[in-house]
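K.L.:
Sharing model.cif here; it has mmCIF, C-alpha atoms and all ligand atoms.
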data_data
#
loop_
_atom_site.label_atom_id
_atom_site.label_comp_id
_atom_site.auth_asym_id
_atom_site.auth_seq_id
_atom_site.Cartn_x
_atom_site.Cartn_y
_atom_site.Cartn_z
CA MET A 1 1.51 -9.59 -13.06
CA THR A 2 5.03 -8.33 -13.82
CA THR A 3 7.87 -8.85 -11.34
CA SER A 4 7.91 -5.20 -10.35
CA GLU A 5 4.16 -5.15 -9.60
CA ARG A 6 4.27 -8.32 -7.53
CA PRO A 7 4.44 -7.71 -3.75
CA MET A 8 7.83 -8.62 -2.31
CA ILE A 9 6.39 -10.15 0.85
CA GLU A 10 2.94 -11.62 1.34
CA LEU A 11 1.79 -13.02 4.64
CA VAL A 12 -1.34 -15.13 4.47
CA GLU A 13 -3.10 -15.85 7.76
CA LEU A 14 0.25 -16.43 9.42
CA THR A 15 -0.32 -17.98 12.85
CA LYS A 16 1.87 -19.18 15.71
CA THR A 17 0.67 -20.92 18.82
CA PHE A 18 3.56 -21.72 21.15
CA PRO A 19 3.47 -25.19 22.76
CA GLY A 20 1.35 -25.27 25.90
CA GLN A 21 -0.43 -21.99 25.11
CA ARG A 22 -4.10 -21.68 24.33
CA LYS A 23 -4.07 -18.34 22.52
CA PRO A 24 -1.87 -17.86 19.46
CA ALA A 25 0.94 -15.28 19.94
CA VAL A 26 0.37 -14.31 16.30
CA ASP A 27 -3.12 -14.85 14.98
CA LYS A 28 -3.90 -14.92 11.25
CA LEU A 29 -1.60 -12.08 10.26
CA SER A 30 -2.18 -11.19 6.61
CA MET A 31 -0.46 -8.37 4.76
CA SER A 32 1.21 -7.50 1.54
CA ILE A 33 4.45 -5.50 1.35
CA GLU A 34 5.63 -3.80 -1.82
CA ARG A 35 9.10 -3.96 -3.28
CA GLY A 36 11.43 -1.31 -1.83
CA GLU A 37 9.18 -0.08 0.96
CA ILE A 38 9.87 0.13 4.67
CA VAL A 39 6.97 -1.24 6.68
CA VAL A 40 7.16 -0.59 10.40
CA PHE A 41 5.49 -2.87 12.94
CA VAL A 42 4.68 -0.85 16.00
CA GLY A 43 2.76 -1.86 19.09
CA PRO A 44 3.02 -2.38 22.85
CA SER A 45 5.35 -4.88 24.47
CA GLY A 46 4.19 -8.47 24.04
CA CYS A 47 1.82 -7.79 21.13
CA GLY A 48 3.75 -10.19 18.91
CA LYS A 49 6.09 -7.98 16.84
CA THR A 50 9.23 -10.09 17.25
CA THR A 51 7.35 -13.36 16.82
CA SER A 52 5.78 -12.06 13.58
CA MET A 53 9.20 -11.09 12.29
CA GLU A 54 10.81 -14.40 13.21
CA LEU A 55 8.00 -16.27 11.49
CA ILE A 56 8.93 -14.53 8.25
CA ASN A 57 12.52 -15.84 8.22
CA ARG A 58 11.33 -19.03 9.98
CA LEU A 59 13.51 -18.67 13.04
CA ILE A 60 10.13 -19.62 14.49
CA GLU A 61 8.14 -22.14 12.44
CA PRO A 62 4.54 -21.09 11.77
CA SER A 63 1.68 -23.22 13.11
CA SER A 64 -0.34 -22.38 10.01
CA GLY A 65 -0.54 -19.85 7.20
CA HIS A 66 1.85 -18.96 4.40
CA ILE A 67 4.88 -16.80 3.73
CA ILE A 68 5.37 -15.79 0.12
CA ILE A 69 8.56 -14.02 -0.89
CA ASP A 70 8.72 -12.54 -4.38
CA GLY A 71 5.90 -14.81 -5.54
CA GLU A 72 7.41 -17.99 -4.13
CA ASP A 73 5.79 -19.87 -1.23
CA VAL A 74 8.67 -20.36 1.20
CA THR A 75 6.63 -21.75 4.11
CA ASN A 76 7.98 -25.27 3.66
CA GLY A 77 11.32 -25.05 1.84
CA ASP A 78 14.81 -25.10 3.38
CA PRO A 79 14.85 -22.48 6.18
CA ASP A 80 18.63 -21.92 5.89
CA GLU A 81 18.30 -21.13 2.22
CA LEU A 82 15.46 -18.72 3.08
CA ARG A 83 17.51 -16.95 5.74
CA ARG A 84 20.30 -16.29 3.27
CA ARG A 85 17.83 -14.27 1.21
CA ILE A 86 16.68 -12.26 4.20
CA GLY A 87 19.04 -9.98 6.13
CA TYR A 88 18.31 -9.79 9.86
CA VAL A 89 19.35 -7.01 12.23
CA ILE A 90 18.58 -7.23 15.94
CA GLN A 91 18.98 -4.84 18.84
CA GLU A 92 21.95 -6.56 20.47
CA THR A 93 23.48 -6.97 16.97
CA GLY A 94 24.34 -10.64 17.65
CA LEU A 95 27.94 -10.10 16.52
CA LEU A 96 30.23 -12.99 17.38
CA PRO A 97 32.66 -11.63 20.00
CA HIS A 98 35.68 -13.73 19.02
CA ARG A 99 35.45 -12.94 15.33
CA THR A 100 36.79 -9.76 13.78
CA ILE A 101 34.45 -7.22 12.20
CA ALA A 102 35.47 -8.47 8.75
CA GLN A 103 34.74 -12.10 9.73
CA ASN A 104 31.41 -11.12 11.24
CA ILE A 105 30.32 -9.25 8.12
CA GLY A 106 31.60 -12.02 5.86
CA THR A 107 29.63 -14.83 7.60
CA VAL A 108 26.90 -15.30 5.00
CA PRO A 109 29.12 -14.79 1.91
CA LYS A 110 31.42 -17.48 3.37
CA LEU A 111 28.46 -19.84 3.79
CA LEU A 112 27.57 -19.11 0.19
CA GLY A 113 31.06 -20.22 -0.85
CA TRP A 114 32.39 -16.88 -2.10
CA ASP A 115 36.17 -16.78 -2.56
CA LYS A 116 38.36 -14.81 -0.13
CA ALA A 117 39.06 -11.87 -2.42
CA ARG A 118 35.38 -11.37 -3.19
CA ILE A 119 34.42 -11.53 0.50
CA SER A 120 37.16 -9.09 1.43
CA ALA A 121 36.12 -6.61 -1.27
CA ARG A 122 32.49 -6.88 -0.17
CA VAL A 123 33.38 -6.34 3.50
CA ASP A 124 35.28 -3.16 2.64
CA GLU A 125 32.47 -1.94 0.42
CA LEU A 126 29.89 -2.51 3.17
CA LEU A 127 31.97 -0.85 5.87
CA GLY A 128 32.26 2.14 3.54
CA MET A 129 28.51 2.13 2.99
CA VAL A 130 27.78 2.33 6.72
CA GLY A 131 30.34 5.11 7.17
CA MET A 132 33.21 3.16 8.78
CA ASP A 133 36.76 3.24 7.41
CA PRO A 134 37.64 -0.39 6.48
CA GLN A 135 41.35 0.21 7.17
CA VAL A 136 40.56 1.19 10.74
CA TYR A 137 37.81 -1.24 11.61
CA ARG A 138 37.99 -4.46 9.59
CA ASP A 139 40.41 -6.22 11.96
CA ARG A 140 38.92 -5.00 15.24
CA TYR A 141 36.73 -7.09 17.53
CA PRO A 142 33.14 -6.12 18.44
CA LYS A 143 34.08 -5.10 21.99
CA GLU A 144 36.48 -2.51 20.53
CA LEU A 145 33.60 -0.58 18.97
CA SER A 146 31.01 1.83 20.35
CA GLY A 147 27.36 0.78 20.52
CA GLY A 148 26.54 2.85 17.43
CA GLN A 149 29.43 1.34 15.48
CA ARG A 150 28.39 -2.18 16.45
CA GLN A 151 24.91 -1.40 15.21
CA ARG A 152 26.33 -0.18 11.88
CA VAL A 153 28.29 -3.44 11.59
CA GLY A 154 25.06 -5.34 12.31
CA VAL A 155 23.43 -3.55 9.39
CA ALA A 156 26.46 -4.20 7.15
CA ARG A 157 26.39 -7.89 8.05
CA ALA A 158 22.69 -8.18 7.25
CA MET A 159 23.35 -6.65 3.82
CA ALA A 160 26.40 -8.81 3.05
CA ALA A 161 24.89 -11.11 0.45
CA ASP A 162 22.72 -8.30 -0.91
CA PRO A 163 19.41 -9.87 0.20
CA PRO A 164 16.29 -8.30 -1.31
CA VAL A 165 14.53 -8.36 2.08
CA MET A 166 15.72 -7.11 5.46
CA LEU A 167 14.12 -7.63 8.84
CA MET A 168 15.17 -5.13 11.49
CA ASP A 169 14.04 -5.75 15.08
CA GLU A 170 14.47 -2.58 17.14
CA PRO A 171 17.86 -2.08 15.46
CA PHE A 172 18.49 1.30 17.10
CA GLY A 173 16.73 0.51 20.39
CA ALA A 174 19.66 0.31 22.77
CA ILE A 175 21.42 3.45 21.53
CA ASP A 176 21.53 6.95 23.02
CA PRO A 177 19.06 9.39 21.39
CA ILE A 178 21.63 11.47 19.48
CA THR A 179 23.44 8.49 17.95
CA ARG A 180 20.06 6.93 17.28
CA ASP A 181 18.93 9.94 15.29
CA ARG A 182 22.14 9.88 13.31
CA LEU A 183 21.85 6.14 12.59
CA GLN A 184 18.24 6.55 11.50
CA ASN A 185 19.21 9.33 9.08
CA GLU A 186 22.19 7.39 7.74
CA PHE A 187 20.02 4.36 7.25
CA LEU A 188 17.36 6.30 5.36
CA ARG A 189 20.06 7.75 3.12
CA LEU A 190 21.42 4.27 2.47
CA GLN A 191 17.93 2.90 1.80
CA ALA A 192 17.40 5.56 -0.88
CA GLU A 193 20.31 3.88 -2.71
CA ILE A 194 19.78 0.20 -1.92
CA GLN A 195 15.95 0.12 -2.06
CA LYS A 196 15.52 -3.01 0.02
CA THR A 197 12.15 -4.29 1.15
CA ILE A 198 12.28 -3.83 4.89
CA ILE A 199 10.20 -4.77 7.90
CA PHE A 200 11.25 -2.65 10.84
CA VAL A 201 10.05 -3.30 14.38
CA THR A 202 9.87 -0.64 17.06
CA HIS A 203 7.69 0.26 20.01
CA ASP A 204 8.45 3.96 19.51
CA ILE A 205 5.80 5.75 17.45
CA ASP A 206 8.17 8.63 16.61
CA GLU A 207 10.67 6.21 15.14
CA ALA A 208 7.85 4.50 13.24
CA ILE A 209 6.71 7.80 11.72
CA LYS A 210 10.22 8.72 10.72
CA MET A 211 11.28 5.39 9.25
CA GLY A 212 8.10 3.96 7.75
CA ASP A 213 6.69 4.29 4.26
CA ARG A 214 3.77 2.48 5.89
CA ILE A 215 3.10 1.62 9.50
CA ALA A 216 1.24 -1.39 10.86
CA VAL A 217 -0.09 -0.53 14.32
CA LEU A 218 -0.52 -3.88 16.04
CA ARG A 219 -2.59 -4.90 19.02
CA GLU A 220 -2.40 -8.18 20.92
CA GLN A 221 -1.70 -11.32 18.88
CA SER A 222 -0.41 -9.15 16.02
CA HIS A 223 -3.95 -8.16 15.08
CA ILE A 224 -3.65 -5.17 12.77
CA ALA A 225 -5.34 -2.08 14.22
CA GLN A 226 -4.35 0.08 11.24
CA PHE A 227 -1.99 -0.38 8.28
CA ASP A 228 -1.38 2.86 6.46
CA THR A 229 1.02 5.72 5.69
CA PRO A 230 2.33 7.71 8.67
CA GLU A 231 0.43 10.74 7.41
CA LYS A 232 -2.89 8.88 7.39
CA ILE A 233 -2.27 7.29 10.78
CA LEU A 234 -1.56 10.70 12.31
CA SER A 235 -4.47 12.49 10.69
CA GLU A 236 -7.06 9.72 10.70
CA PRO A 237 -6.39 7.15 13.41
CA ALA A 238 -8.73 4.19 12.82
CA ASP A 239 -9.93 3.96 16.42
CA ASP A 240 -9.20 4.94 20.02
CA TYR A 241 -6.51 2.28 20.32
CA VAL A 242 -4.48 3.85 17.50
CA ALA A 243 -5.20 7.39 18.75
CA ASP A 244 -3.99 6.40 22.24
CA PHE A 245 -0.90 4.82 20.77
CA ILE A 246 -0.01 7.99 18.85
CA GLY A 247 -0.57 9.92 22.06
CA ALA A 248 -0.68 13.68 22.38
CA GLY A 249 1.07 16.06 20.04
CA ALA A 250 0.18 14.75 16.59
CA SER A 251 1.26 18.11 15.10
CA LEU A 252 4.70 17.85 16.63
CA LYS A 253 4.96 14.26 15.46
CA ARG A 254 4.06 15.37 11.97
CA LEU A 255 7.39 17.25 11.95
CA ASN A 256 8.92 13.79 11.67
CA LEU A 257 7.26 13.40 8.30
CA SER A 258 8.85 16.28 6.43
CA ARG A 259 12.44 16.33 5.45
CA ILE A 260 14.59 19.38 5.14
CA ARG A 261 15.22 18.73 1.46
CA ASP A 262 11.44 19.17 0.89
CA VAL A 263 11.19 22.63 2.45
CA GLU A 264 12.47 25.92 1.21
CA MET A 265 15.56 26.76 3.20
CA THR A 266 17.15 30.19 3.41
CA THR A 267 20.16 30.57 1.18
CA ASP A 268 20.87 34.30 1.29
CA THR A 269 22.75 34.18 4.61
CA PRO A 270 26.06 35.98 4.17
CA THR A 271 28.97 33.54 4.18
CA GLY A 272 32.71 33.87 4.05
CA LEU A 273 35.81 31.75 4.25
CA LEU A 274 38.01 31.57 7.34
CA SER A 275 40.92 32.36 5.03
CA GLU A 276 39.48 35.64 3.72
CA GLU A 277 40.59 39.14 4.74
CA THR A 278 38.58 40.46 7.70
CA ALA A 279 37.90 43.76 5.93
CA ALA A 280 36.27 42.02 2.96
CA LEU A 281 34.12 39.89 5.27
CA ARG A 282 33.07 42.97 7.26
CA GLN A 283 32.07 44.76 4.08
CA ARG A 284 29.95 41.81 2.90
CA LEU A 285 28.17 41.51 6.26
CA LEU A 286 27.44 45.26 6.36
CA GLU A 287 25.95 45.14 2.88
CA SER A 288 23.56 42.33 3.91
CA ASP A 289 20.42 42.55 6.07
CA TRP A 290 21.93 40.13 8.53
CA THR A 291 23.53 40.66 11.90
CA ALA A 292 25.75 37.60 11.68
CA MET A 293 27.74 35.81 9.01
CA LEU A 294 28.60 32.15 8.66
CA LEU A 295 32.26 31.36 8.19
CA LEU A 296 33.22 28.21 6.27
CA ASP A 297 36.48 26.33 5.95
CA GLU A 298 38.17 25.46 2.64
CA GLN A 299 35.82 22.47 2.14
CA ARG A 300 32.90 24.87 2.73
CA ARG A 301 32.07 23.20 6.04
CA PRO A 302 30.34 25.56 8.53
CA ARG A 303 32.69 26.67 11.33
CA ARG A 304 31.73 29.94 13.09
CA TRP A 305 28.95 32.48 13.35
CA VAL A 306 30.47 35.96 13.57
CA THR A 307 29.05 39.47 14.05
CA ILE A 308 30.53 42.80 12.96
CA GLY A 309 31.98 43.13 16.45
CA ASP A 310 33.77 39.80 16.11
CA LEU A 311 35.19 40.85 12.75
CA ARG A 312 36.68 44.00 14.32
CA ARG A 313 38.82 42.02 16.73
CA GLU A 314 42.25 42.47 15.24
CA GLY A 315 44.93 39.86 15.67
CA ARG A 316 42.65 36.93 16.58
CA SER A 317 42.27 33.93 14.32
CA LEU A 318 38.82 33.85 12.78
CA ASP A 319 38.61 30.24 13.93
CA THR A 320 38.28 31.38 17.55
CA VAL A 321 36.00 34.43 17.32
CA GLY A 322 32.19 34.40 17.42
CA LEU A 323 30.29 31.24 18.20
CA PRO A 324 30.77 27.72 16.84
CA ALA A 325 28.25 26.64 14.16
CA HIS A 326 27.21 23.48 15.97
CA ALA A 327 23.62 22.94 14.89
CA VAL A 328 24.17 21.06 11.66
CA VAL A 329 21.58 18.94 9.86
CA GLU A 330 21.40 17.21 6.46
CA GLY A 331 18.76 17.23 3.74
CA HIS A 332 17.67 13.83 4.95
CA SER A 333 17.01 15.03 8.49
CA THR A 334 13.43 15.66 9.48
CA LEU A 335 11.95 18.99 10.50
CA ALA A 336 11.77 17.55 14.02
CA ASP A 337 15.57 17.12 13.96
CA ALA A 338 15.96 20.67 12.65
CA LEU A 339 13.66 22.09 15.33
CA ASN A 340 15.57 20.23 17.98
CA GLU A 341 18.88 21.55 16.67
CA LEU A 342 17.77 25.11 16.34
CA ILE A 343 16.30 25.21 19.84
CA GLU A 344 19.69 24.17 21.16
CA SER A 345 21.69 26.33 18.76
CA ASN A 346 23.36 29.65 19.42
CA GLY A 347 21.53 31.73 16.85
CA GLY A 348 18.13 30.02 16.54
CA VAL A 349 18.98 28.47 13.18
CA ALA A 350 20.00 25.01 12.01
CA VAL A 351 22.71 24.93 9.34
CA VAL A 352 22.04 22.49 6.50
CA VAL A 353 24.96 20.61 4.95
CA ASP A 354 25.28 18.02 2.18
CA ALA A 355 26.58 14.48 2.64
CA LYS A 356 30.19 15.76 2.58
CA GLY A 357 29.44 18.36 5.24
CA ALA A 358 29.48 21.35 2.84
CA TYR A 359 27.16 24.28 3.58
CA GLN A 360 23.81 24.38 1.76
CA GLY A 361 21.60 26.86 3.60
CA ILE A 362 19.84 27.43 6.88
CA VAL A 363 16.51 26.51 8.44
CA ASP A 364 14.93 28.77 11.04
CA LEU A 365 11.66 28.80 12.95
CA GLU A 366 9.97 30.72 10.15
CA THR A 367 10.88 27.95 7.65
CA ILE A 368 9.35 25.36 9.96
CA MET A 369 6.20 27.41 10.56
CA VAL A 370 5.68 27.85 6.80
CA ALA A 371 6.09 24.10 6.24
CA VAL A 372 3.67 23.25 9.07
CA ARG A 373 1.10 25.68 7.71
CA ALA A 374 1.40 24.12 4.25
CA MET A 375 0.95 20.63 5.71
CA ARG A 376 -2.15 21.77 7.60
CA GLU A 377 -3.64 23.28 4.45
CA GLU A 378 -2.92 20.12 2.49
CA HIS A 379 -4.84 18.23 5.16
CA SER A 380 -7.83 20.47 5.08
CA ALA A 381 -7.95 20.08 1.30
CA PHE A 382 -7.68 16.32 1.70
CA TYR A 383 -10.52 16.20 4.25
CA LEU A 384 -12.71 18.41 2.14
CA ALA A 385 -12.14 16.23 -0.90
CA GLN A 386 -13.04 13.15 1.15
CA LYS A 387 -16.18 14.73 2.55
CA GLN A 388 -17.32 15.79 -0.88
CA GLN A 389 -16.89 12.38 -2.42
CA PRO A 390 -20.08 10.71 -1.10
CA GLU A 391 -22.18 13.68 -2.25
CA ASP A 392 -20.52 13.57 -5.67
CA ALA A 393 -21.30 9.87 -5.88
CA ALA A 394 -24.96 10.50 -5.00
CA ARG A 395 -25.39 12.98 -7.81
N1 LIG A 401 9.37 -18.93 22.74
C1 LIG A 401 8.20 -18.56 23.28
N2 LIG A 401 7.47 -19.42 23.98
C2 LIG A 401 6.29 -19.07 24.51
N3 LIG A 401 5.75 -17.85 24.40
C3 LIG A 401 6.43 -16.93 23.72
C4 LIG A 401 7.70 -17.22 23.12
N4 LIG A 401 8.15 -16.09 22.50
C5 LIG A 401 7.21 -15.16 22.70
N5 LIG A 401 6.17 -15.64 23.44
C6 LIG A 401 4.96 -14.90 23.82
O1 LIG A 401 4.35 -14.40 22.65
C7 LIG A 401 3.85 -13.09 22.85
C8 LIG A 401 4.46 -12.14 21.84
O2 LIG A 401 5.85 -11.95 22.11
P1 LIG A 401 6.79 -11.06 21.20
O3 LIG A 401 8.18 -11.20 21.74
O4 LIG A 401 6.57 -11.39 19.79
O5 LIG A 401 6.23 -9.61 21.51
P2 LIG A 401 6.83 -8.19 21.11
O6 LIG A 401 5.69 -7.40 20.60
O7 LIG A 401 7.99 -8.36 20.22
O8 LIG A 401 7.27 -7.63 22.52
P3 LIG A 401 8.50 -6.65 22.93
O9 LIG A 401 8.17 -5.29 22.36
O10 LIG A 401 8.43 -6.69 24.42
O11 LIG A 401 9.74 -7.26 22.36
C9 LIG A 401 4.16 -12.74 24.29
O12 LIG A 401 3.02 -12.98 25.05
C10 LIG A 401 5.28 -13.68 24.65
O13 LIG A 401 5.25 -13.97 26.01
#
Represent the structure from my file as structure tokens, please.

P.N.:
Amino acid sequence: MTTSERPMIELVELTKTFPGQRKPAVDKLSMSIERGEIVVFVGPSGCGKTTSMELINRLIEPSSGHIIIDGEDVTNGDPDELRRRIGYVIQETGLLPHRTIAQNIGTVPKLLGWDKARISARVDELLGMVGMDPQVYRDRYPKELSGGQRQRVGVARAMAADPPVMLMDEPFGAIDPITRDRLQNEFLRLQAEIQKTIIFVTHDIDEAIKMGDRIAVLREQSHIAQFDTPEKILSEPADDYVADFIGAGASLKRLNLSRIRDVEMTTDTPTGLLSEETAALRQRLLESDWTAMLLLDEQRRPRRWVTIGDLRREGRSLDTVGLPAHAVVEGHSTLADALNELIESNGGVAVVVDAKGAYQGIVDLETIMVAVRAMREEHSAFYLAQKQQPEDAAR
């Protein structure tokens, strides 16, 4: 087996019985996780998600079973050495309050004996990666950051020594829904670059669908109810337990599966620059089939939606007429994010921007309907193919 084919994490009948308890909290958990995938553990409170995770980096020592990382059995080696190869992010971040952000992020590199210049360069690089300006934040203390920023620092710290594996235990759990969405999207964008092997714990099925390449739905004692892609779990829940866990609205949840970059957005919306002459803008809008035009700034970032009426208002700066173009999403956002934005938006559309905030196109309800229809058809085809298989085999 070549290195790239070998699973990154293998759990073999991993079991933990806490002292004084009869039933194991985790009972013979076996699974295999590929290199570069995000596997989400989802399940009700107390089913054993956190214990399973902490068995993998041996914060909790297993009672029996094996942990194999990249082909190597690490069940009995030095746990500190193991933990340096596995980044760990938890809900409360676990940042040390009396250490600066730079010191917090540099903890593991320091333990590994890196020199000061190398640690400092790595800290700045990581802060940049999680979208925080190193100049502004490296010397601050955790209490001087917002919850979302602390969570970003937690992620940066876990990545400090570039571990191949990351464990993330409800990393965005204690964050308001808007910041949470943003952090999820940022993290997925980052993951596309860093390609870590990640186990991600949540009790929120929507988060699981959005973040997971595969989802393990767990019942008590970390027994696996179903381990499959989000698509399969939504369309073919293994049993009533999984179906109940998904709950109502599987179609709406499926919107979490498609990303804006995978659908055909509208790009013929008339646009103009805030700096252009009003007459030229008016002319362009009149020549289009649209009733409103999107005005962009010099960096092509969306600023205002304006109508012909707005463009007739002489003497007012274009930056104050019309309505602000608030509903902005990125290619990485899901259709659920886009739907949410456009429901709350002024004109019933979500404006799509690239990573630098520059305008790309728009998504409206029609775009979402077309994508949903396509997904449904794909499903029917999939079901049909499955149904036909046994007959084909009998022939
Ligand atoms: N240190 C411990 N000693 C004894 N029992 C424990 C210990 N830690 C966890 N347990 C028990 O093991 C079971 C699994 O707990 P665990 O924290 O792994 O669940 P979880 O799925 O992560 O729950 P939650 O979503 O509420 O965090 C629970 O019944 C819990 O009470």

K.L.:
Nearest to ligand LIG 401 (chain A) among A:Arg138, A:Lys49, A:Arg58, A:Arg313, with distances taken over all atoms listed in the file: which residue is it?

P.N.:
A:Lys49

K.L.:
Using all atoms listed in the file, find each protein or nucleic acid residue lying at most 12 Å from ligand LIG 401 (chain A); present the set as an NGL selection string.

P.N.:
:A and (15-27 or 41-55 or 59-61 or 90-91 or 168-171 or 173 or 200-204 or 217-223)

K.L.:
Rounded to one decimal place, report the CA of Phe172 (chain A)-CA of Gln151 (chain A) distance in Å.

P.N.:
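Those two atoms sit 7.2 Å apart.
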
K.L.:
List every protein, DNA or RNA residue with an atom no more than 9 Å from (3.0, 8.5, 6.7) in the file's coordinates, counting only C-alpha atoms, and format the result as a ChimeraX atom specification.

P.N.:
/A:209-210,212-215,228-234,254,257

K.L.:
Env of Ile368 (chain A): 7 Å cut, atoms = all atoms listed in the file, seq-sep filter 4 positions within chain, self excluded. Answer as a VMD selection string.

P.N.:
chain A and resid 335 364 372

K.L.:
Mind giving me the straight-line distance from CA of Ser258 (chain A) to CA of Gln191 (chain A) in Å, one decimal?

P.N.:
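Computing the Euclidean distance for CA of Ser258 (chain A) and CA of Gln191 (chain A) yields 16.8 Å.
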
K.L.:
May I have the protein, DNA and RNA residues with an atom at most 12 Å from (37.0, -9.2, 3.3), counting only C-alpha atoms in the file's coordinates, returned as a ChimeraX atom specification?

P.N.:
/A:100-110,114-127,134-135,137-139,157,160
